[in-house]
Structures are given as C-alpha cells and as structure tokens.
Amino acid sequence: MKILIVEDDADLREITTRSLEKERYVVSQAPDYKTALRKIEDYDYDCILLDIMLPDGSGLDLLEELHTLGKRTNVIILSAKDSLEDKVKGLDLGADDYLPKPYHLAELHARLKSLFRRNQREGEKKVSYGNVEIIPDHFKVAVGGKELELNRKEYDILLYFMLRSGRLVNKATLAESVWGDHIDQVDNFDFIYAQIKNLRKHLKEAGATVELKAVYGIGYKLVEE
Amino acid sequence: MKLLHLVIWRMSTILVVILTCWAVLFYLAIMEEVNDEVDDSLSDYAESLIIRSLSGEQMPDTSNGSNNQYFLYEVTPEYAASYPNISYRDEMVYITEKGETEPARILMTIFRKEDGGYMELVVYTPTIEKYDLQRAVLGLIVFLYVLLFLMILAVNAWVFHRNMRPLYTLLKWLEDYRLGTKEKALDESLRIVEFRKLNEAANMFSERSEKLYEQQKLFIGNASHEMQTPLAICRNRLEMLMEDETLTEKQLSELMKTHRTLENLTRLNKSLLLLCKIENRQFTDVKSLCLNELLLQYLDDYKEVYAYRHVQVEVHVEECFRLEMSESLATVLLTNLLKNAFVHVTEGGVISLSFTASSFRISNTGDASLDKNRIFERFYKEGKAEGSTGLGLALVDSICKAYHLTLSYTFEDGQHIFSIVS
C-alpha cells in the first residue's frame, strides 16, 4: 500500500510517516502544493493524506487536479480548520474521509483500515484478526465462522480493537472513543473493566484465537495467541 | 435622586424665599400707596372744610351722603399746643348714617381762626373699602405668586429636559452597553460642546475596550488553535513510544502519567477553543430541540460510568423543554451539567433532574454551598478537582448567555441546584 502525505508541518509529517511505516505502508511525503502536484502526476498512490492549508496553495485545488488527471485515488482530508465548509467541499470534490487536525495516529490508522476495507470486493468487506471476523456493515461478529452475539458496547469495543489490533489502547482513549467525547476526566475505569470482562468471556467461550491483554493497568491490547 | 428633581428642589427652595420676600415687599408698597391716596383725599376734604369754615360759608352736613364724616369744634390754645398740627390714625368709629361702628381712617388737624381761637377738625373715612382693596391685592399677589412660582418651575423642568436630552441618551447607551456586542456609536455632531465631548469620550473608550476585548479574544483563540498540533504531536509520539515492547512497567507507567497530563492539557485547550467559538457565535446550525430527550440519551452512559459512586438518579419530566439551539452546544451544555452533578454528588447521594416547558433543573446532594459569584468563572475549582479543566461551568454559562437563557445556582437543603430558565 502506497500512501502520500501532503502536510506542511514537518514534525507532524515525520511522526505520521514513522507511524505508517511501522504499519508496513510505503510512505511518500510532500511538504507543499508544488511537490505534491509533481508526485501525483508522476506516481500512483493508494491513498493520499491531504492537508487543506498548504503554504503555496490549497489542498482542495490538488483534489480537483487529481480529478482532471483522472486518477481514482482514495483521499483523506486532514484539516486544521475543522470547519464544516471545508469538510463538505472536500467530500464534494471526491475525498473519501475527513479527519480534523490535530488527529490521533490511532484514529488515522483506523480510518485507513476502514477505507481499505470499503475498497475490498463485495462480500469481503470485513475486518479480521485471528479467527475473529467483523462485518461492520451488518454489525456481525463471527468466531471461526460461527456467529457471536454481543451487546452494543461489547461490539463497539471489539470493533475498536480489531481496527487497532496489536496496538496499545489506553483506557481513557477507549472510554472517549466508545462511550463518547462527553465521557472524559473520569478517574475510575470500573465500567470499562466490566465490559472488557464480559467481552473476554464471550470470546473465550466461542474459542477465539485473539485475546484482550491488559497492559500494566494502562490499557488493553488485542493480540493473537 | 434624579438630577431633575434635585434642580427643581433647589430651585423651589430658593424661589420660595425670594418670592416670599418679594411678595411681602410688594404688598407693603401697594398698601403704603393706598394709605397715601386715602390720606391725600382726607386732607383735600379737610382743606376744603377749613376754607369753608374760615370764609364763614355754610358748612356741609357732618355726613354728606358719602361715607366721609367730620367734626369741628373749638379747643383751647393749650390743647392746640400739645397736639401736632396734623395727624393721621386708624380707629373704630361710630358712623351715624349706618348706625354702626366701623374702622375708619382719621385725620385730625388744628387750625387757628381769624379771631385767634383754635379749632380742631376731625375728618374720617371708613376703611372698609380699603380693607376690600387690601384683601383683593393680597389675594392677587398670592395667586400671582403661586402661578409665577409654578411657571418658573415648569419652564425650568422643560428647559432642563430639553437641554439634558443628550445626557440621558448617553446614560441609556452606557446602561445598555455590553462589551463585544458592537453597540452603535454615539452621535458626535451635537451642537453643545460639553455633550459632544462626552459622547466622543464615551465612543473612544468603548472603541478602545472593544479593540482590547477583540485582541484578547483573538489571542486566546489563536493561542489555543496553534497549540492543537504540537499537543497532538506530543501525544502521538508518546503513544508510539509506549508501544515499544522493551519498556519496563515503571517506564511505561511514567509515560502513562505524562500522557494523561497531556490529555488534560489537550482537553483544556479544546474547551478554550470551544469557549472562543461560542463567544464568536460560530454555532449557527440552530434547530428545535427537546432537551429532556437529548439528556436522556446521555444519562445512561453517565450512570454506567459513575456506577461505582452508587448514585440514585431521579427524573421528573413535566413537559418537553424545547429550545431553538445548536445541537452540539445543547449537548455540551447538558453533559457538562450532568458531569458536574455526577462528579460532585456525595457518595451514594441523589441526583434529580426535572423539566418543565420552560425550565430545566438539576440538583445533587452536596456538603456546602459553593461561591455563588465565582462558580461560573473560568478556572474556578472547588477542592478536589484533579483532571478537571475548571471550564465546564464556564462553558455552560457562556452557552446560556449566547442563547439568552437564565442560569442560576443555589444551595438548599444540602443540595446544589442548577437551573436554566428560558
């Protein structure tokens, strides 16, 4: 998978690149509009992470350029201006997703994963890890081909971990992502533990080869046994 | 006390004294004149009588049909010497014609006949008419005095009102003035120098504070905006570092603590940005919302998250509390109040929520009243508030202000009560 990062902030570009490379993506970088334009003219990418505000142009123009070139590339817009206008305009111009800056790398990975999943052929639109499969379009979970019934929260948690398999997810982040932004500043994570405990039980009973591993009371990690 | 009242009060105090003196003096002067006239006519009459008497003509009747009367008799030279030549006085006199005693003005004069004997002539005229006259004059003076007094006051009030109009416009303007609302500037083309200068000064001050306010707002907005990316980078770097399998538990937990602090900082920054946006009126996606429905969507999450506190939650919905507002702001408003209640409720206490068609009330059991005046201030924290941004209630306050809702806090019967009234 080849990804182009168009981003003027060197620090952010570097850390995103490193993180993506860790996930085995091939990453190319462009700090400004001109470089980015040259790169999209010369090469094909599976996905472009596009910043809107560039020092010498607008990412939206680049999006139009891409359209004129007739390239069918996935685009995720990264915009510091989390204004609705930019988002609508970008999505109108054919962007696939929109991620307000500053973004969380784990979030970026999840978006990329679900973007590539959507591009899979019909019937294969699933997230799988070990012998666990999730078909998000139908909210279905299967372990070893057998369907597993989960409640809403358990399902959300499992999907969240499946999209971030092998990564450490800390409790606070999990709470905000699954329960919502309004659940912050919590100092007692018993409610997460209760859900995780149930989820683990379900997975174990179904004979899943993946496991939610607690990491030093910091958070959890979905690992394959 | 209003300025107008003060002016009128002072004016009338001074006028009462001055006008009273004036009226008294005027009355005395008029009376003097009247007496003078009466005395003149008496002396004329006396003179004609003396001439008649000296020339030996027939004297008229003592009362000649007019109310004037006279007496003429001889006196001794000693008597004549002991009395002045001519004297006037007021006295009660019996008037033969009317057969009654009435006040009269009397002239007494002594003259010498040709044969050397002395005659005393007493002429008098009843003063009833004079009294009538006096009464009329007094009445008129009092009437005119009161009229003049009232008119002066009225004219003054009118003039005052007319001339001070710019002052009242200015006062009204100052009263209505709210920083950051872009009030219309005051009229600077007034004819009166003082008022023009006042208006100019007021305009200048408002412009300056407006500018400062804008700058400050802009600064907070820009600062928190610019901080977003570095914060996110730090956070992401830490997270990448934490994924390193070779870290020891101790190192990881240190990193975790740093991460948590950073998260708090990010949240604080997010809240500040949100505050700026609310104050800049950047939420325009207004729609009709039923607040109780919205709140119930979040209530279960909070109940789940704060289950360890064993809080009892009571909900009373009388009617749907409907408001026209941005859904995301309504959510911020409700979740912040809910969070506040859940965080500060006493262990095992009660949170009660009630809605009417025009109000929302949330209360939770607590220990002591909070500082009413400061509770909605930014960064006001009471006691244990680890991880709290201190902006939650400031956000609530600022949202209520943006939608002209009345937000209040009271402490009653061991309960913190927040209520919102539309």
# chains A, B, ... in the order shown; residues from 1 in each chain; ligands from 1
call {"tool": "residues_around", "arguments": {"residues": "Tyr403 in chain B", "least_positions_apart": "2", "cutoff": "10 Å", "atoms": "only C-alpha atoms", "output": "number ranges by chain"}}
result
B: 323-326, 398-401, 405-406, 422
call {"tool": "write_last_selection", "arguments": {"atoms": "C-alpha atoms", "output": "PDB file, in the first residue's frame"}}
result
ATOM      1  CA  LEU B 323     -35.321  25.279  22.762  1.00  0.00           C
ATOM      2  CA  GLU B 324     -34.014  26.624  19.496  1.00  0.00           C
ATOM      3  CA  MET B 325     -30.305  25.988  19.629  1.00  0.00           C
ATOM      4  CA  SER B 326     -27.333  24.223  18.135  1.00  0.00           C
ATOM      5  CA  SER B 398     -21.333  31.048  28.106  1.00  0.00           C
ATOM      6  CA  ILE B 399     -23.789  28.858  26.172  1.00  0.00           C
ATOM      7  CA  CYS B 400     -26.671  30.132  28.296  1.00  0.00           C
ATOM      8  CA  LYS B 401     -25.590  33.709  27.617  1.00  0.00           C
ATOM      9  CA  LEU B 405     -31.118  31.625  28.978  1.00  0.00           C
ATOM     10  CA  THR B 406     -31.077  32.410  32.671  1.00  0.00           C
ATOM     11  CA  SER B 422     -35.793  30.205  29.082  1.00  0.00           C
TER      12      SER B 422
END
call {"tool": "select_by_dssp", "arguments": {"residues": "range 50-108 of chain A", "states": "strand (DSSP E)", "output": "ChimeraX atom specification"}}
result
/A:50-51,53-54,57-58,74-79,97-100
call {"tool": "interface_residues", "arguments": {"of": "chain A", "to": "chain B", "cutoff": "10 Å", "atoms": "only C-alpha atoms", "output": "number ranges by chain"}}
result
A: 9, 11-16, 18-19, 22, 80-81, 83, 101-106, 166-170, 172-173, 175, 179-192, 194, 215-219, 221
call {"tool": "residues_around", "arguments": {"residues": "Phe71 in chain B", "least_positions_apart": "4", "cutoff": "9 Å", "atoms": "only C-alpha atoms", "output": "ChimeraX atom specification"}}
result
/B:62,120-124
call {"tool": "closest_residue", "arguments": {"among": "B:Phe160, B:Asp115, B:Asp39, B:Val155", "to": "Leu6 in chain B", "atoms": "only C-alpha atoms"}}
result
B:Phe160
call {"tool": "residues_around", "arguments": {"residues": "range 171-178 of chain B", "least_positions_apart": "6", "cutoff": "12 Å", "atoms": "only C-alpha atoms", "output": "PyMOL selection string"}}
result
chain B and resi 164-165+184-187+195+198-199+201-203+205-207+209-210+213
call {"tool": "write_last_selection", "arguments": {"atoms": "N, CA and C atoms", "output": "mmCIF file, in the first residue's frame"}}
result
data_model
loop_
_atom_site.group_PDB
_atom_site.id
_atom_site.type_symbol
_atom_site.label_atom_id
_atom_site.label_comp_id
_atom_site.auth_asym_id
_atom_site.auth_seq_id
_atom_site.Cartn_x
_atom_site.Cartn_y
_atom_site.Cartn_z
ATOM 1 N N MET B 164 -30.967 68.561 28.484
ATOM 2 C CA MET B 164 -30.210 67.443 29.026
ATOM 3 C C MET B 164 -30.471 66.162 28.234
ATOM 4 N N ARG B 165 -31.244 66.264 27.173
ATOM 5 C CA ARG B 165 -31.593 65.052 26.430
ATOM 6 C C ARG B 165 -30.357 64.231 26.011
ATOM 7 N N LYS B 184 -24.057 50.617 18.623
ATOM 8 C CA LYS B 184 -23.942 51.735 17.685
ATOM 9 C C LYS B 184 -23.221 52.880 18.385
ATOM 10 N N ALA B 185 -22.357 53.584 17.666
ATOM 11 C CA ALA B 185 -21.608 54.672 18.279
ATOM 12 C C ALA B 185 -22.547 55.845 18.575
ATOM 13 N N LEU B 186 -22.150 56.661 19.554
ATOM 14 C CA LEU B 186 -22.961 57.825 19.915
ATOM 15 C C LEU B 186 -22.791 58.939 18.882
ATOM 16 N N ASP B 187 -23.809 59.799 18.810
ATOM 17 C CA ASP B 187 -23.783 60.910 17.882
ATOM 18 C C ASP B 187 -22.692 61.915 18.290
ATOM 19 N N PHE B 195 -21.585 68.140 25.673
ATOM 20 C CA PHE B 195 -22.189 66.847 25.334
ATOM 21 C C PHE B 195 -21.429 66.161 24.211
ATOM 22 N N LEU B 198 -18.441 64.637 25.719
ATOM 23 C CA LEU B 198 -18.813 63.438 26.485
ATOM 24 C C LEU B 198 -19.019 62.251 25.549
ATOM 25 N N ASN B 199 -19.766 62.495 24.497
ATOM 26 C CA ASN B 199 -20.039 61.416 23.544
ATOM 27 C C ASN B 199 -18.758 60.925 22.881
ATOM 28 N N ALA B 201 -15.813 61.059 24.119
ATOM 29 C CA ALA B 201 -15.027 60.302 25.098
ATOM 30 C C ALA B 201 -15.609 58.894 25.270
ATOM 31 N N ALA B 202 -16.935 58.834 25.375
ATOM 32 C CA ALA B 202 -17.574 57.520 25.548
ATOM 33 C C ALA B 202 -17.297 56.621 24.344
ATOM 34 N N ASN B 203 -17.408 57.197 23.173
ATOM 35 C CA ASN B 203 -17.129 56.418 21.963
ATOM 36 C C ASN B 203 -15.698 55.921 21.942
ATOM 37 N N PHE B 205 -13.689 55.430 24.481
ATOM 38 C CA PHE B 205 -13.454 54.381 25.470
ATOM 39 C C PHE B 205 -14.043 53.058 25.008
ATOM 40 N N SER B 206 -15.224 53.127 24.442
ATOM 41 C CA SER B 206 -15.846 51.870 24.027
ATOM 42 C C SER B 206 -15.041 51.245 22.892
ATOM 43 N N GLU B 207 -14.573 52.089 21.999
ATOM 44 C CA GLU B 207 -13.771 51.556 20.896
ATOM 45 C C GLU B 207 -12.512 50.879 21.410
ATOM 46 N N SER B 209 -11.908 49.679 24.478
ATOM 47 C CA SER B 209 -12.111 48.412 25.201
ATOM 48 C C SER B 209 -12.570 47.319 24.240
ATOM 49 N N GLU B 210 -13.332 47.744 23.238
ATOM 50 C CA GLU B 210 -13.786 46.786 22.229
ATOM 51 C C GLU B 210 -12.590 46.155 21.518
ATOM 52 N N TYR B 213 -10.730 43.910 23.849
ATOM 53 C CA TYR B 213 -11.506 42.698 24.026
ATOM 54 C C TYR B 213 -11.331 41.770 22.823
#
call {"tool": "residues_around", "arguments": {"residues": "Ser43 in chain B", "least_positions_apart": "2", "cutoff": "10 Å", "atoms": "only C-alpha atoms", "output": "MDAnalysis selection string"}}
result
chainID B and resid 37:41 45:49 86 88 106:109 123:124
call {"tool": "write_last_selection", "arguments": {"atoms": "N, CA and C atoms", "output": "compact mmCIF listing (two decimals), in the first residue's frame"}}
result
# COMPACT_ATOMS: atom_id res chain seq x y z
N GLU B 37 -52.99 107.50 49.27
CA GLU B 37 -54.11 108.02 48.48
C GLU B 37 -55.25 108.45 49.39
N VAL B 38 -55.58 107.57 50.35
CA VAL B 38 -56.69 107.85 51.27
C VAL B 38 -56.39 109.12 52.06
N ASP B 39 -55.13 109.18 52.55
CA ASP B 39 -54.74 110.36 53.34
C ASP B 39 -54.83 111.62 52.49
N ASP B 40 -54.43 111.53 51.26
CA ASP B 40 -54.49 112.70 50.36
C ASP B 40 -55.92 113.19 50.22
N SER B 41 -56.82 112.20 49.99
CA SER B 41 -58.21 112.64 49.78
C SER B 41 -58.78 113.23 51.07
N TYR B 45 -60.20 116.98 51.57
CA TYR B 45 -61.53 117.21 52.14
C TYR B 45 -61.42 118.19 53.31
N ALA B 46 -60.40 117.88 54.19
CA ALA B 46 -60.21 118.73 55.37
C ALA B 46 -59.92 120.17 54.94
N GLU B 47 -59.09 120.28 53.94
CA GLU B 47 -58.70 121.63 53.46
C GLU B 47 -59.93 122.41 53.00
N SER B 48 -60.78 121.70 52.22
CA SER B 48 -61.95 122.42 51.72
C SER B 48 -62.87 122.82 52.88
N LEU B 49 -62.93 121.94 53.91
CA LEU B 49 -63.76 122.26 55.07
C LEU B 49 -63.20 123.46 55.81
N ILE B 86 -51.10 118.30 62.44
CA ILE B 86 -51.91 117.37 61.63
C ILE B 86 -51.49 115.94 61.96
N TYR B 88 -52.61 111.54 61.42
CA TYR B 88 -53.49 110.51 60.85
C TYR B 88 -53.50 109.32 61.77
N ILE B 106 -58.61 108.31 60.08
CA ILE B 106 -58.97 109.60 60.68
C ILE B 106 -57.87 110.63 60.46
N LEU B 107 -58.30 111.81 60.11
CA LEU B 107 -57.35 112.94 60.02
C LEU B 107 -57.75 113.95 61.07
N MET B 108 -56.80 114.33 61.87
CA MET B 108 -57.08 115.37 62.88
C MET B 108 -56.18 116.55 62.58
N THR B 109 -56.79 117.65 62.53
CA THR B 109 -55.97 118.85 62.29
C THR B 109 -56.49 120.01 63.15
N VAL B 123 -61.65 114.57 60.49
CA VAL B 123 -62.32 114.06 59.29
C VAL B 123 -62.04 112.55 59.24
N TYR B 124 -63.05 111.78 58.94
CA TYR B 124 -62.74 110.35 58.79
C TYR B 124 -63.51 109.71 57.64
call {"tool": "residues_around", "arguments": {"residues": "Ala206 in chain A", "least_positions_apart": "6", "cutoff": "9 Å", "atoms": "only C-alpha atoms", "output": "list of chain:residue names"}}
result
A:Val143, A:Gly144, A:Lys146, A:Glu147, A:Leu148
